[in-house]
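A.B. asks: Could you have a look at this structure, given as structure tokens, before my questions?
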Amino acid sequence: MTHLSDDTFELFLSGMPKQDTINLRGVTFIDPYGMVGLLEAGRNLFLDGNRKTLLLPESEVVLKYLERMDFFKFAHSYFNLLPETLDISGKYLRSSFTDVLLEITPIEKSDDIHFIVGRVKKRAHKILEKHLHYDERAINGFIVALSEVCQNIIEHSGNTGFVGIQKYRFQNIKKNVVKIAVMDLGMGFKGSLSSKVLVKDDLEAIEKALLQGVSRHEDIGRGHGLAAVRRFVNEWNGKISIRSGTAKCSIIPGWAHGKEKEKHLVPFPGAQINIMLPDVFKNTEVQ
């Protein structure tokens, strides 16, 4: 595998070796979803008493990016890393010209969300206004959507999670795209909703929460954040995918690809949310 991203996460999960080593030496690209997914996979194994060895990518560019995103701050807790000592330069580890909106950050309590929102706000105007051509209303909507998906972990998962955000240039559509990855190892959508409504499987649970705005909370204003996130993503022609248990449900705009509904995936606890928001500047669209 040369890419570890939202496109290859299922392949990664299905191919996780039964031996004690995960080989990433050939990886030449990794995005926030790949990083957060790797951490959560490692944490899940670690909680079961299985600490695997992670063979790190040979690519210095990838290693520098992992360092820039604070991946190693958490990876040491779940994996044995090889090589143990990184020999990389620090040319752009904390560059003022970074396209990173948010390094990988844990979500454990409500105070973490305030920290996350505060940090993103500091960078949002420079990145979202310059690269995605978002106006003030859109930027505020972005902040609200981010807060909602993070709050979903606190409200529903019964566990902790991670979030990471990065801007990329998608050459095939000639657009800048911001990727948001949020994951936890909690009870998942089926486990959360089953206390209120009857759901037959993971896919139905995701659909009820994302598409129908169903929540386990009776209180008005609580637990319906994903519906607001969906509206924001739709308004700005973005993509959102939610994976939970053995299923995945996605809302896919014309510029993106993927399947809207997937079942019988490799079982994985909690919820894995991927949001992609494109440049809204009309002149950059592919004709």
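Please note that chains go A, B, ... in the order of the structure tokens, that every chain numbers its residues from 1, and that ligands are numbered from 1 in the order shown.
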Tell me which protein, DNA and RNA residues are within 8 Å of segment 120-128 of chain A, counting only C-alpha atoms, leaving out same-chain ones fewer than 2 positions away, and put them as a short mmCIF file (atom, residue, chain, number, x, y, z; two decimals) with N, CA and C atoms, in the first residue's frame.
C.D. replies:
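Contents of the output file part-v7.cif:
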```cif
data_model
loop_
_atom_site.label_atom_id
_atom_site.label_comp_id
_atom_site.auth_asym_id
_atom_site.auth_seq_id
_atom_site.Cartn_x
_atom_site.Cartn_y
_atom_site.Cartn_z
N ASP A 99 -0.43 24.66 5.75
CA ASP A 99 -1.81 24.46 5.35
C ASP A 99 -2.57 23.61 6.37
N LEU A 101 -4.82 23.14 9.39
CA LEU A 101 -5.77 23.86 10.23
C LEU A 101 -5.71 23.36 11.66
N LEU A 102 -5.49 22.05 11.81
CA LEU A 102 -5.44 21.48 13.16
C LEU A 102 -4.61 20.21 13.15
N ILE A 116 -9.96 23.20 20.58
CA ILE A 116 -9.92 22.90 19.15
C ILE A 116 -10.51 24.05 18.35
N VAL A 117 -11.69 24.50 18.75
CA VAL A 117 -12.34 25.60 18.04
C VAL A 117 -11.48 26.86 18.08
N GLY A 118 -10.89 27.16 19.23
CA GLY A 118 -10.04 28.34 19.35
C GLY A 118 -8.84 28.28 18.43
N LYS A 130 -8.52 32.34 1.95
CA LYS A 130 -7.54 32.41 0.87
C LYS A 130 -7.66 31.26 -0.11
N HIS A 131 -7.77 30.04 0.41
CA HIS A 131 -7.69 28.85 -0.43
C HIS A 131 -9.05 28.29 -0.85
N LEU A 132 -10.09 28.49 -0.03
CA LEU A 132 -11.41 27.98 -0.37
C LEU A 132 -12.40 29.09 -0.73
N HIS A 133 -11.94 30.35 -0.59
CA HIS A 133 -12.77 31.50 -0.93
C HIS A 133 -14.06 31.54 -0.11
N TYR A 134 -13.99 31.14 1.14
CA TYR A 134 -15.14 31.19 2.03
C TYR A 134 -15.33 32.61 2.56
N ILE A 139 -17.22 30.59 6.97
CA ILE A 139 -16.19 30.27 7.97
C ILE A 139 -16.84 29.98 9.31
N ILE A 143 -16.81 26.43 11.50
CA ILE A 143 -16.48 26.30 12.92
C ILE A 143 -17.60 25.57 13.67
N LYS A 167 -5.51 21.18 4.58
CA LYS A 167 -5.88 21.63 3.24
C LYS A 167 -5.00 20.94 2.21
#
```
A.B. asks: Which polymer residues have any atom within 7 Å of an atom of segment 198-212 of chain A, counting only C-alpha atoms, with same-chain residues fewer than 2 positions away left out, as a PyMOL selection string?
C.D. replies: chain A and resi 189-190+193-194+214-215+226-227+230+244-249+263
A.B. asks: Restricting the calculation to only C-alpha atoms: of A:Arg137, A:His3, A:His76, A:Arg119, which residue gets closest to Val62 of chain A?
C.D. replies: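 For Val62 of chain A, the nearest of the given residues is A:His3.
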A.B. asks: Nearest to Val61 of chain A among A:Asn80, A:Thr28, A:Asn172, A:Thr85, with distances taken over only C-alpha atoms: which residue is it?
C.D. replies: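 Using only C-alpha atoms, Val61 of chain A sits closest to A:Thr28.
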A.B. asks: In terms of the shortest atom-to-atom distance over only C-alpha atoms, which of A:Ile252, A:Val149, A:Met69, A:Leu81 is closest to Lys52 of chain A?
C.D. replies: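 Looking only at the distances to Lys52 of chain A, the closest residue turns out to be A:Leu81.
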A.B. asks: Tell me, in Å to one decimal, how far atom CA of Ser5 of chain A is from atom CA of Phe29 of chain A.
C.D. replies: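 Those two atoms sit 7.9 Å apart.
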